[in-house]
Amino acid sequence: MSTSSQLEIYCPSCHWEPDGGAHWQCTCGYVWNSFETAAVCPKCQYRWKISQCPTIPGGCGVVSPHVDWYHGLDELIEELVEETEHATAHAAVCCSPNES
């Protein structure tokens, strides 16, 4: 699967880009880089639906949906759908509707 779209991750408010640091803390106390795990805490497995832009490394502190940090998803999904449609159009059919 090769796509030409580029996925970028940055704050939807101030455009701060995660620097790989452990800037997010779960309610269980674990601190990690939430973008390495798509906002799932490695310790307790809680899936965060929101992320706060961390102010210490230079972010703005705004809380927003975690998925809104991922930019380029629309183009990536469109490309994947096109690839799937192309593959399906050339797939072999094993049975007619009456032979199931």
# chains A, B, ... in the order shown; residues from 1 in each chain; ligands from 1
>>> select_by_dssp(residues="segment 3-97 of chain A", states="strand (DSSP E)", output="list in words")
Glu8, Ile9, Trp24, Gln25, Val31, Trp32, Ile50, Ser51, Gln52, Val63, Ser64, Pro65, Tyr70 and His71 of chain A
>>> write_last_selection(atoms="N, CA and C atoms", output="CSV table (one decimal), in the first residue's frame")
chain,number,residue,atom,x,y,z
A,8,GLU,N,0.3,14.4,8.8
A,8,GLU,CA,1.0,15.3,9.7
A,8,GLU,C,0.3,15.4,11.0
A,9,ILE,N,1.0,15.6,12.1
A,9,ILE,CA,0.4,15.7,13.4
A,9,ILE,C,0.8,17.0,14.0
A,24,TRP,N,2.1,14.0,28.0
A,24,TRP,CA,0.7,13.8,28.3
A,24,TRP,C,0.7,12.8,29.5
A,25,GLN,N,-0.2,13.1,30.5
A,25,GLN,CA,-0.4,12.2,31.7
A,25,GLN,C,-1.8,11.7,31.7
A,31,VAL,N,2.9,8.8,32.3
A,31,VAL,CA,3.2,9.9,31.4
A,31,VAL,C,3.9,9.3,30.2
A,32,TRP,N,3.4,9.8,29.0
A,32,TRP,CA,3.9,9.2,27.8
A,32,TRP,C,3.6,10.2,26.6
A,50,ILE,N,-9.7,13.2,23.8
A,50,ILE,CA,-9.2,14.6,23.7
A,50,ILE,C,-7.7,14.6,24.1
A,51,SER,N,-7.1,15.7,23.6
A,51,SER,CA,-5.7,15.9,23.9
A,51,SER,C,-5.5,17.4,24.2
A,52,GLN,N,-4.7,17.7,25.2
A,52,GLN,CA,-4.4,19.1,25.5
A,52,GLN,C,-3.0,19.4,24.9
A,63,VAL,N,-7.5,22.4,24.6
A,63,VAL,CA,-7.9,21.0,24.6
A,63,VAL,C,-8.8,20.8,23.3
A,64,SER,N,-8.5,19.8,22.6
A,64,SER,CA,-9.3,19.5,21.3
A,64,SER,C,-9.4,18.0,21.1
A,65,PRO,N,-10.3,17.5,20.3
A,65,PRO,CA,-10.4,16.1,20.0
A,65,PRO,C,-9.0,15.6,19.5
A,70,TYR,N,-4.5,15.0,13.7
A,70,TYR,CA,-4.0,14.3,12.5
A,70,TYR,C,-4.5,15.0,11.3
A,71,HIS,N,-3.6,15.5,10.5
A,71,HIS,CA,-3.9,16.3,9.3
A,71,HIS,C,-3.4,15.5,8.1
>>> residues_around(residues="Cys41 of chain A", least_positions_apart="6", cutoff="8 Å", atoms="only C-alpha atoms", output="list in words")
Cys26, Tyr30, Trp32, Ser34, Arg47 and Trp48 of chain A
>>> closest_residue(among="A:Glu79, A:Thr84, A:Cys60, A:Asp68", to="Ala38 of chain A", atoms="only C-alpha atoms")
A:Asp68
>>> residues_around(residues="Gly20 of chain A", least_positions_apart="6", cutoff="9 Å", atoms="only C-alpha atoms", output="PDB file with N, CA and C atoms, in the first residue's frame")
ATOM      1  N   ASN A  33       4.154   9.808  25.428  1.00  0.00           N
ATOM      2  CA  ASN A  33       3.853  10.525  24.189  1.00  0.00           C
ATOM      3  C   ASN A  33       2.604   9.886  23.612  1.00  0.00           C
ATOM      4  N   PHE A  35       0.966  10.316  21.043  1.00  0.00           N
ATOM      5  CA  PHE A  35       0.909  10.110  19.599  1.00  0.00           C
ATOM      6  C   PHE A  35       1.654   8.855  19.155  1.00  0.00           C
ATOM      7  N   GLU A  36       2.372   8.221  20.068  1.00  0.00           N
ATOM      8  CA  GLU A  36       2.988   6.931  19.764  1.00  0.00           C
ATOM      9  C   GLU A  36       1.973   5.801  19.878  1.00  0.00           C
TER      10      GLU A  36
END
>>> select_by_dssp(residues="chain A", states="helix (DSSP H, G or I)", output="list in words")
Ser34, Phe35, Glu36, His66, Val67, Asp68, Trp69, Leu73, Asp74, Glu75, Leu76, Ile77, Glu78, Glu79, Leu80, Val81, Glu82, Glu83, Thr84, Glu85, His86, Ala87, Thr88, Ala89, Pro97, Asn98 and Glu99 of chain A
>>> write_last_selection(atoms="C-alpha atoms", output="CSV table (one decimal), in the first residue's frame")
chain,number,residue,atom,x,y,z
A,34,SER,CA,0.2,9.9,23.3
A,35,PHE,CA,0.9,10.1,19.6
A,36,GLU,CA,3.0,6.9,19.8
A,66,HIS,CA,-7.3,13.9,19.6
A,67,VAL,CA,-8.3,13.0,16.0
A,68,ASP,CA,-8.2,16.7,15.1
A,69,TRP,CA,-4.4,16.6,15.6
A,73,LEU,CA,-6.4,11.8,6.9
A,74,ASP,CA,-9.0,12.8,4.3
A,75,GLU,CA,-6.6,12.5,1.4
A,76,LEU,CA,-5.2,9.2,2.8
A,77,ILE,CA,-8.6,7.7,3.2
A,78,GLU,CA,-9.6,8.7,-0.4
A,79,GLU,CA,-6.5,7.1,-1.8
A,80,LEU,CA,-7.1,3.9,0.2
A,81,VAL,CA,-10.7,3.7,-1.0
A,82,GLU,CA,-9.6,4.2,-4.6
A,83,GLU,CA,-7.0,1.4,-4.2
A,84,THR,CA,-9.7,-0.9,-2.7
A,85,GLU,CA,-12.1,-0.1,-5.5
A,86,HIS,CA,-9.5,-0.8,-8.1
A,87,ALA,CA,-8.5,-4.1,-6.5
A,88,THR,CA,-12.2,-5.1,-6.2
A,89,ALA,CA,-12.9,-4.3,-9.9
A,97,PRO,CA,-25.4,-15.2,-6.9
A,98,ASN,CA,-27.3,-18.5,-7.1
A,99,GLU,CA,-24.3,-20.6,-6.3
>>> atom_distance(atom1="atom CA of Gly58 of chain A", atom2="atom CA of Cys28 of chain A")
24.8 Å
>>> closest_residue(among="A:Gln6, A:Tyr46, A:Gly72, A:Cys53", to="Asp19 of chain A", atoms="only C-alpha atoms")
A:Cys53
